[in-house]
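Coordinates from run.csv are shown below (CSV, C-alpha atoms).
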chain,number,residue,atom,x,y,z
A,217,MET,CA,0.0,0.0,0.0
A,218,ASN,CA,1.3,3.5,-0.9
A,219,ALA,CA,1.2,6.2,1.8
A,220,ILE,CA,-0.7,8.6,-0.5
A,221,GLU,CA,-2.6,7.9,-3.7
A,222,VAL,CA,-4.4,10.7,-5.5
A,223,ARG,CA,-6.3,10.4,-8.8
A,224,GLY,CA,-8.0,13.2,-10.7
A,225,LEU,CA,-8.1,15.6,-7.7
A,226,GLN,CA,-10.0,18.8,-8.3
A,227,LYS,CA,-10.8,21.8,-6.1
A,228,SER,CA,-12.7,24.9,-7.2
A,229,TYR,CA,-13.5,28.1,-5.4
A,230,GLY,CA,-16.3,29.4,-7.5
A,231,ASP,CA,-14.9,30.1,-10.9
A,232,VAL,CA,-11.3,29.7,-9.7
A,233,HIS,CA,-9.9,26.2,-10.3
A,234,ALA,CA,-7.2,25.7,-7.7
A,235,VAL,CA,-6.5,22.0,-8.5
A,236,ARG,CA,-7.1,20.6,-11.9
A,237,GLY,CA,-7.2,16.8,-12.2
A,238,LEU,CA,-4.0,16.2,-10.1
A,239,ASP,CA,-2.5,12.7,-9.8
A,240,LEU,CA,0.0,11.9,-7.1
A,241,THR,CA,1.6,8.8,-5.5
A,242,VAL,CA,3.8,8.9,-2.4
A,243,HIS,CA,5.5,5.6,-1.4
A,244,GLN,CA,5.7,4.4,2.1
A,245,GLY,CA,9.0,5.2,3.8
A,246,GLU,CA,10.2,7.9,1.5
A,247,ILE,CA,10.7,11.6,1.8
A,248,PHE,CA,8.7,13.2,-1.0
A,249,GLY,CA,9.2,16.8,-2.0
A,250,PHE,CA,6.1,18.8,-3.1
A,251,LEU,CA,7.2,22.0,-4.8
A,252,GLY,CA,5.5,24.8,-6.5
A,253,PRO,CA,5.2,28.6,-6.7
A,254,ASN,CA,2.8,30.5,-4.5
A,255,GLY,CA,-0.8,30.1,-5.8
A,256,ALA,CA,0.0,26.9,-7.7
A,257,GLY,CA,-2.5,24.8,-5.7
A,258,LYS,CA,0.1,23.3,-3.3
A,259,THR,CA,-1.5,24.4,-0.1
A,260,THR,CA,-5.0,23.4,-1.2
A,261,THR,CA,-3.7,19.9,-2.1
A,262,ILE,CA,-1.9,19.5,1.2
A,263,GLU,CA,-5.0,20.5,3.2
A,264,ILE,CA,-7.1,18.0,1.3
A,265,LEU,CA,-4.6,15.3,2.1
A,266,GLU,CA,-4.6,16.3,5.8
A,267,GLY,CA,-8.4,16.2,5.9
A,268,PHE,CA,-8.8,19.8,6.6
A,269,ARG,CA,-10.4,20.9,3.3
A,270,GLU,CA,-13.1,19.3,1.1
A,271,ARG,CA,-12.3,18.5,-2.5
A,272,THR,CA,-14.6,19.1,-5.5
A,273,GLY,CA,-13.8,15.9,-7.2
A,274,GLY,CA,-11.3,13.0,-7.6
A,275,ASP,CA,-10.2,10.1,-5.4
A,276,VAL,CA,-7.8,10.5,-2.5
A,277,ARG,CA,-6.4,7.8,-0.2
A,278,VAL,CA,-4.0,8.7,2.6
A,279,LEU,CA,-2.8,5.6,4.6
A,280,GLY,CA,-5.5,3.7,2.9
A,281,GLN,CA,-8.3,6.0,4.0
A,282,ASP,CA,-10.3,8.9,2.4
A,283,PRO,CA,-9.3,11.9,4.5
A,284,ALA,CA,-12.8,13.3,4.2
A,285,THR,CA,-14.4,10.3,5.9
A,286,ALA,CA,-11.5,8.7,7.8
A,287,PRO,CA,-12.1,7.6,11.4
A,288,LEU,CA,-10.5,9.3,14.4
A,289,SER,CA,-7.9,6.5,14.6
A,290,TRP,CA,-6.6,7.6,11.2
A,291,ARG,CA,-5.7,11.0,12.7
A,292,GLU,CA,-3.3,9.4,15.1
A,293,ASP,CA,-1.2,8.2,12.2
A,294,ILE,CA,-0.8,11.7,10.9
A,295,GLY,CA,1.8,14.3,12.1
A,296,ILE,CA,1.8,17.9,10.9
A,297,VAL,CA,4.4,20.6,11.3
A,298,LEU,CA,2.9,23.9,10.2
A,299,GLN,CA,4.9,26.7,8.7
A,300,GLU,CA,3.9,28.9,11.6
A,301,SER,CA,2.6,27.8,15.0
A,302,GLU,CA,2.2,29.3,18.5
A,303,ILE,CA,3.2,27.2,21.5
A,304,GLU,CA,2.1,28.4,25.0
A,305,GLY,CA,5.2,30.3,26.2
A,306,GLU,CA,4.9,29.3,29.8
A,307,LEU,CA,5.1,25.6,29.1
A,308,THR,CA,8.5,23.9,29.2
A,309,ALA,CA,9.4,21.9,26.2
A,310,ARG,CA,8.8,18.7,28.1
A,311,GLU,CA,5.4,19.9,29.4
A,312,ALA,CA,4.3,20.8,25.9
A,313,VAL,CA,5.2,17.4,24.5
A,314,ARG,CA,3.6,15.6,27.5
A,315,MET,CA,0.4,17.6,27.1
A,316,GLN,CA,0.3,16.8,23.3
A,317,SER,CA,0.9,13.1,24.0
A,318,ALA,CA,-2.4,13.0,25.9
A,319,TYR,CA,-4.3,13.3,22.6
A,320,PHE,CA,-3.0,9.9,21.6
A,321,ALA,CA,-3.9,6.4,22.6
A,322,THR,CA,-0.4,5.0,22.3
A,323,PRO,CA,2.1,8.0,22.2
A,324,ARG,CA,5.8,7.8,22.2
A,325,ASN,CA,7.7,8.6,25.4
A,326,PRO,CA,8.0,12.4,25.5
A,327,ASP,CA,11.6,12.3,26.7
A,328,GLU,CA,12.6,9.9,23.8
A,329,VAL,CA,11.0,12.3,21.4
A,330,LEU,CA,12.9,15.3,22.8
A,331,GLU,CA,16.1,13.3,22.5
A,332,LEU,CA,15.3,12.5,18.9
A,333,VAL,CA,14.8,16.2,17.9
A,334,GLY,CA,17.8,17.4,19.8
A,335,LEU,CA,16.0,19.1,22.7
A,336,ALA,CA,17.0,16.8,25.6
A,337,ASP,CA,19.2,19.5,27.1
A,338,ALA,CA,16.5,22.1,26.8
A,339,ARG,CA,13.6,20.0,28.0
A,340,ASP,CA,13.0,22.3,31.1
A,341,GLN,CA,13.3,25.5,29.1
A,342,ARG,CA,10.1,27.5,28.7
A,343,ALA,CA,8.9,27.7,25.1
A,344,ALA,CA,9.0,31.5,25.2
A,345,LYS,CA,12.8,31.3,25.9
A,346,LEU,CA,13.7,28.9,23.2
A,347,SER,CA,15.5,30.1,20.1
A,348,GLY,CA,13.9,30.0,16.7
A,349,GLY,CA,15.6,26.8,15.7
A,350,GLN,CA,14.6,25.2,19.1
A,351,LYS,CA,11.0,26.2,18.6
A,352,ARG,CA,11.0,24.4,15.2
A,353,ARG,CA,12.4,21.4,16.9
A,354,LEU,CA,9.7,21.5,19.4
A,355,ASP,CA,7.1,21.8,16.6
A,356,LEU,CA,8.5,18.6,15.2
A,357,ALA,CA,8.5,16.9,18.6
A,358,LEU,CA,4.8,17.7,19.0
A,359,ALA,CA,4.1,16.2,15.6
A,360,LEU,CA,6.1,13.0,16.4
A,361,VAL,CA,5.0,12.2,19.9
A,362,GLY,CA,1.9,10.4,18.5
A,363,ASP,CA,4.3,8.0,16.6
A,364,PRO,CA,2.7,8.9,13.2
A,365,LYS,CA,3.3,6.9,10.1
A,366,LEU,CA,3.0,10.0,7.8
A,367,VAL,CA,4.5,13.4,8.6
A,368,PHE,CA,3.6,16.6,6.7
A,369,LEU,CA,6.5,19.2,6.9
A,370,ASP,CA,5.4,22.6,5.7
A,371,GLU,CA,8.6,24.7,5.0
A,372,PRO,CA,10.3,23.4,8.2
A,373,THR,CA,13.5,25.5,8.0
A,374,THR,CA,12.1,28.9,7.0
A,375,GLY,CA,14.2,31.6,8.7
A,376,PHE,CA,16.9,29.2,9.9
A,377,ASP,CA,20.6,30.1,9.6
A,378,PRO,CA,22.7,27.7,7.4
A,379,SER,CA,24.0,25.8,10.4
A,380,ALA,CA,20.5,25.2,11.9
A,381,ARG,CA,19.2,24.2,8.5
A,382,ARG,CA,21.9,21.5,8.1
A,383,GLU,CA,21.1,20.2,11.5
A,384,SER,CA,17.4,20.0,10.6
A,385,TRP,CA,18.2,18.1,7.5
A,386,ASP,CA,19.9,15.4,9.5
A,387,MET,CA,16.8,15.3,11.8
A,388,ILE,CA,14.4,15.0,8.8
A,389,SER,CA,16.6,12.3,7.2
A,390,ALA,CA,16.4,10.4,10.5
A,391,LEU,CA,12.6,10.2,10.2
A,392,ARG,CA,13.0,8.1,7.1
A,393,ASP,CA,15.4,5.9,9.0
A,394,LEU,CA,12.7,5.4,11.6
A,395,GLY,CA,10.3,4.2,8.8
A,396,ASN,CA,8.2,7.4,8.6
A,397,THR,CA,6.9,8.7,5.4
A,398,VAL,CA,7.5,12.5,5.0
A,399,LEU,CA,5.8,14.9,2.6
A,400,LEU,CA,8.0,18.0,2.5
A,401,THR,CA,7.1,21.4,1.1
A,402,THR,CA,9.8,24.0,0.8
A,403,HIS,CA,11.0,27.0,-1.2
A,404,TYR,CA,14.6,26.0,-0.7
A,405,MET,CA,15.6,24.0,-3.7
A,406,ASP,CA,18.9,22.8,-2.1
A,407,GLU,CA,16.8,21.4,0.8
A,408,ALA,CA,14.6,19.4,-1.5
A,409,GLN,CA,17.5,18.2,-3.6
A,410,ASN,CA,19.3,17.0,-0.5
A,411,LEU,CA,16.4,15.4,1.4
A,412,ALA,CA,13.8,14.2,-1.1
A,413,ASP,CA,13.9,10.7,-2.6
A,414,ARG,CA,11.4,11.9,-5.2
A,415,ILE,CA,9.9,15.3,-6.1
A,416,ALA,CA,6.7,16.6,-7.7
A,417,VAL,CA,6.4,20.1,-9.1
A,418,ILE,CA,2.9,21.6,-9.2
A,419,ALA,CA,2.0,24.7,-11.3
A,420,ASN,CA,-1.5,26.0,-12.2
A,421,GLY,CA,-3.1,23.2,-10.2
A,422,GLN,CA,-1.5,20.4,-12.1
A,423,ILE,CA,1.6,18.2,-11.6
A,424,VAL,CA,4.0,19.3,-14.4
A,425,ALA,CA,6.9,16.9,-13.5
A,426,GLU,CA,7.6,14.1,-11.1
A,427,GLY,CA,10.7,12.0,-10.3
A,428,THR,CA,14.1,12.2,-8.8
A,429,SER,CA,16.1,15.4,-9.1
A,430,ASN,CA,18.1,13.9,-12.0
A,431,GLU,CA,15.0,12.7,-13.7
A,432,LEU,CA,13.4,16.1,-13.5
A,433,ALA,CA,16.6,17.6,-15.1
A,434,GLU,CA,16.3,15.2,-18.0
A,435,GLN,CA,12.7,16.1,-18.5
A,436,VAL,CA,13.6,19.7,-19.2
A,437,ALA,CA,16.8,18.8,-21.1
A,438,ALA,CA,19.0,20.6,-18.5
A,439,ILE,CA,22.6,20.2,-19.7
A,440,PRO,CA,25.8,20.4,-17.6
A,441,ARG,CA,27.9,23.6,-18.2
A,442,ILE,CA,31.6,23.9,-18.4
A,443,THR,CA,32.7,27.5,-17.8
A,444,TRP,CA,35.8,29.6,-17.4
A,445,SER,CA,36.6,33.3,-17.3
A,446,ILE,CA,37.1,35.1,-20.6
A,447,PRO,CA,40.9,35.7,-20.8
A,448,THR,CA,41.9,39.4,-20.5
A,449,SER,CA,45.5,39.0,-21.5
A,450,PRO,CA,46.2,39.5,-25.2
A,451,GLU,CA,48.9,36.9,-24.9
A,452,THR,CA,46.5,34.2,-23.9
A,453,ALA,CA,45.2,32.1,-26.8
A,454,ALA,CA,41.4,31.9,-27.2
A,455,VAL,CA,39.8,28.4,-27.1
A,456,PRO,CA,39.3,27.2,-30.7
A,457,GLY,CA,35.9,27.5,-32.2
A,458,ARG,CA,35.6,23.7,-32.6
A,459,PHE,CA,34.7,23.5,-28.9
A,460,GLY,CA,31.5,25.5,-29.4
A,461,ALA,CA,32.2,27.9,-26.5
A,462,VAL,CA,30.0,31.0,-26.2
A,463,ALA,CA,30.3,34.1,-24.1
A,464,ASP,CA,27.9,34.6,-21.2
A,465,GLY,CA,28.8,37.7,-19.3
A,466,ASP,CA,32.4,37.5,-18.2
A,467,ARG,CA,32.5,33.7,-18.7
A,468,MET,CA,32.9,31.3,-21.6
A,469,VAL,CA,30.4,28.5,-21.6
A,470,ILE,CA,30.1,25.0,-23.2
A,471,GLU,CA,26.9,23.1,-22.6
A,472,THR,CA,27.4,19.4,-23.2
A,473,ASN,CA,26.4,16.0,-21.9
A,474,ASP,CA,29.8,14.6,-22.8
A,475,VAL,CA,31.6,16.4,-20.0
A,476,LEU,CA,34.5,14.0,-19.5
A,477,ASN,CA,35.7,14.0,-23.1
A,478,VAL,CA,35.2,17.7,-23.6
A,479,VAL,CA,37.1,18.6,-20.4
A,480,ASN,CA,39.9,16.2,-21.4
A,481,GLU,CA,40.2,17.8,-24.8
A,482,LEU,CA,40.1,21.3,-23.4
A,483,THR,CA,42.8,20.7,-20.8
A,484,SER,CA,45.0,18.8,-23.2
A,485,TRP,CA,44.8,21.8,-25.6
A,486,ALA,CA,45.5,24.3,-22.8
A,487,ALA,CA,48.5,22.2,-21.5
A,488,ASP,CA,50.2,22.1,-24.9
A,489,PRO,CA,52.9,24.8,-24.8
A,490,ALA,CA,52.6,25.3,-28.6
A,491,ASN,CA,49.2,26.8,-28.1
A,492,GLY,CA,50.2,29.5,-25.6
A,493,ALA,CA,47.1,28.9,-23.5
A,494,THR,CA,48.6,28.0,-20.1
A,495,ASP,CA,46.3,30.5,-18.3
A,496,ALA,CA,43.3,30.2,-20.5
A,497,LEU,CA,41.4,27.8,-18.2
A,498,ALA,CA,42.7,28.9,-14.9
A,499,ASP,CA,39.3,28.9,-13.1
A,500,LEU,CA,37.5,26.2,-15.1
A,501,GLU,CA,34.3,25.0,-13.4
A,502,ILE,CA,31.9,22.2,-14.2
A,503,ALA,CA,28.3,22.8,-13.1
A,504,ARG,CA,25.7,20.1,-13.3
A,505,PRO,CA,22.1,21.2,-13.5
A,506,THR,CA,20.7,22.0,-10.0
A,507,LEU,CA,17.2,21.4,-8.9
A,508,GLU,CA,16.7,25.2,-8.8
A,509,ASP,CA,17.6,25.4,-12.5
A,510,THR,CA,15.1,22.6,-13.3
A,511,TYR,CA,12.4,24.1,-11.1
A,512,LEU,CA,12.6,27.5,-12.7
A,513,ARG,CA,12.4,26.0,-16.2
A,514,LEU,CA,9.4,23.8,-15.3
A,515,THR,CA,7.4,26.6,-13.6
A,516,ALA,CA,8.3,29.1,-16.4
A,517,ASP,CA,7.1,26.7,-19.0
A,518,ALA,CA,3.8,26.1,-17.1
A,519,GLY,CA,3.4,29.8,-16.2
A,520,GLU,CA,2.9,31.1,-12.7
A,521,ALA,CA,-0.6,32.4,-12.9
A,522,SER,CA,-2.3,32.1,-9.5
A,523,ALA,CA,-4.6,29.0,-9.2
A,524,GLU,CA,-5.5,29.5,-5.5
A,525,PRO,CA,-7.4,32.5,-4.1
A,526,SER,CA,-5.4,34.3,-1.4
A,527,THR,CA,-7.9,33.3,1.2
A,528,ALA,CA,-7.2,29.6,0.6
A,529,GLY,CA,-3.6,29.7,1.7
A,530,THR,CA,-2.0,29.0,5.1
A,531,THR,CA,-4.4,31.2,7.0
A,532,GLY,CA,-6.8,28.3,7.8
A,533,ARG,CA,-3.9,26.0,8.6
A,534,SER,CA,-2.3,28.4,11.1
A,535,LYS,CA,-5.5,28.6,13.1
A,536,ARG,CA,-6.0,24.9,13.6
A,537,GLY,CA,-4.0,24.9,16.8
A,538,SER,CA,-2.6,21.9,18.5
A,539,ARG,CA,-5.3,19.6,17.0
A,540,SER,CA,-3.7,20.0,13.6
A,541,ARG,CA,-0.6,18.1,14.7
A,542,GLY,CA,-2.6,14.8,14.9
A,543,GLY,CA,-4.4,13.0,17.7
A,544,ARG,CA,-8.0,12.8,18.6
A,545,ARG,CA,-10.5,15.5,17.5

How does the structure come out when it is put into structure tokens?
Amino acid sequence: MNAIEVRGLQKSYGDVHAVRGLDLTVHQGEIFGFLGPNGAGKTTTIEILEGFRERTGGDVRVLGQDPATAPLSWREDIGIVLQESEIEGELTAREAVRMQSAYFATPRNPDEVLELVGLADARDQRAAKLSGGQKRRLDLALALVGDPKLVFLDEPTTGFDPSARRESWDMISALRDLGNTVLLTTHYMDEAQNLADRIAVIANGQIVAEGTSNELAEQVAAIPRITWSIPTSPETAAVPGRFGAVADGDRMVIETNDVLNVVNELTSWAADPANGATDALADLEIARPTLEDTYLRLTADAGEASAEPSTAGTTGRSKRGSRSRGGRR
């Protein structure tokens, strides 16, 4: 059984079609990146999967149940980390997690969860005194204390400094090691590229591409680039035209899928004293297509016209309170 199966999902707000026949499959035990520009239908889709918004049409199964009619026991298998949340500031981290655990029939040990998210040393610190990174760790602890099978992470590292983001990546990867399925939304392409086993890109209410980062790059024919600075010394020989290099700003560029052979020929030419090109490739770089390159091309091709009304965004999600994290309702 897949963790999530969606076929022909539709959601309309009057004349606005936020989701247009969307198909999606998320396998058990994987980290799945769900990417898209603002207004693409991403938030509406996620809220339908979580059971907090009704759909107009289509078939949706999350952990084998239709979220619109799933029993209370289904909610205990879902963990949600919202983009923004407010934890009672007077509670300590341990008190907040213990209180949240009371919503579940068979919760995990709160101290074990705090250890898992890296808050063991801050368990007696009041929530109001925690740093931004620690508060996000506490958000994750509240989502995990019910021992969910599926975790929704909504832009979990927004506002983090680079060090805190890297630590969070390790923590999210650990969820997969524990057997959890994770659906991750993020605007950080490097985050999705490092964490997600597979990725889907949504634009204008439809999935425009799905696969691994490399598979997405192949879909848009993204090609590796070999670049170096344009020589400024008149004594430095120019790279022969047979290599097909073109100027791009202050760099020369060759786009090719045959990187190894082209680089070998380039460096052999530059190393030959007869060519007078010793410094021609002094800062040669090879750049493979990044997920950001691919994403920008995919969303540009699909257009970024808004598919969701502004009132259908995270406003409703941010008001759901502690119940949105899972547990009994």

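The closest residue to Leu391 of chain A, picked from A:Ala219, A:Val329, A:Ala344, A:Ala419 and counting only C-alpha atoms, is A:Val329.
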
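When all atoms listed in the file are used to measure the gap to Gly273 of chain A, the shortest distance among A:Val222, A:Leu360, A:Val398, A:Ile418 belongs to A:Val222.
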
Nearest-residue call for Gly255 of chain A, choices A:Ala234, A:Val455, A:Leu507, A:Ala312, using all atoms listed in the file: A:Ala234

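Atom CA of Arg504 of chain A is positioned 23.2 Å from atom CA of Pro456 of chain A.
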
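Atom to atom, atom CA of Arg342 of chain A and atom CA of Glu304 of chain A stand 8.9 Å apart.
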
Glu221 of chain A proximity check over A:Glu263, A:Val276, A:Val297, A:Gly249, using all atoms listed in the file: winner is A:Val276

Find the residues around His233 of chain A up to 9 Å (all atoms listed in the file counted), leave out those fewer than 3 positions away in its own chain, and share them as a PDB file with C-alpha atoms, in the frame of the given file.
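Wrote around_32.pdb, looks like this:
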ATOM      1  CA  GLN A 226     -10.000  18.800  -8.300  1.00  0.00           C
ATOM      2  CA  LYS A 227     -10.800  21.800  -6.100  1.00  0.00           C
ATOM      3  CA  SER A 228     -12.700  24.900  -7.200  1.00  0.00           C
ATOM      4  CA  TYR A 229     -13.500  28.100  -5.400  1.00  0.00           C
ATOM      5  CA  GLY A 230     -16.300  29.400  -7.500  1.00  0.00           C
ATOM      6  CA  ARG A 236      -7.100  20.600 -11.900  1.00  0.00           C
ATOM      7  CA  GLY A 257      -2.500  24.800  -5.700  1.00  0.00           C
ATOM      8  CA  ASN A 420      -1.500  26.000 -12.200  1.00  0.00           C
ATOM      9  CA  GLY A 421      -3.100  23.200 -10.200  1.00  0.00           C
ATOM     10  CA  ALA A 523      -4.600  29.000  -9.200  1.00  0.00           C
ATOM     11  CA  GLU A 524      -5.500  29.500  -5.500  1.00  0.00           C
TER      12      GLU A 524
END
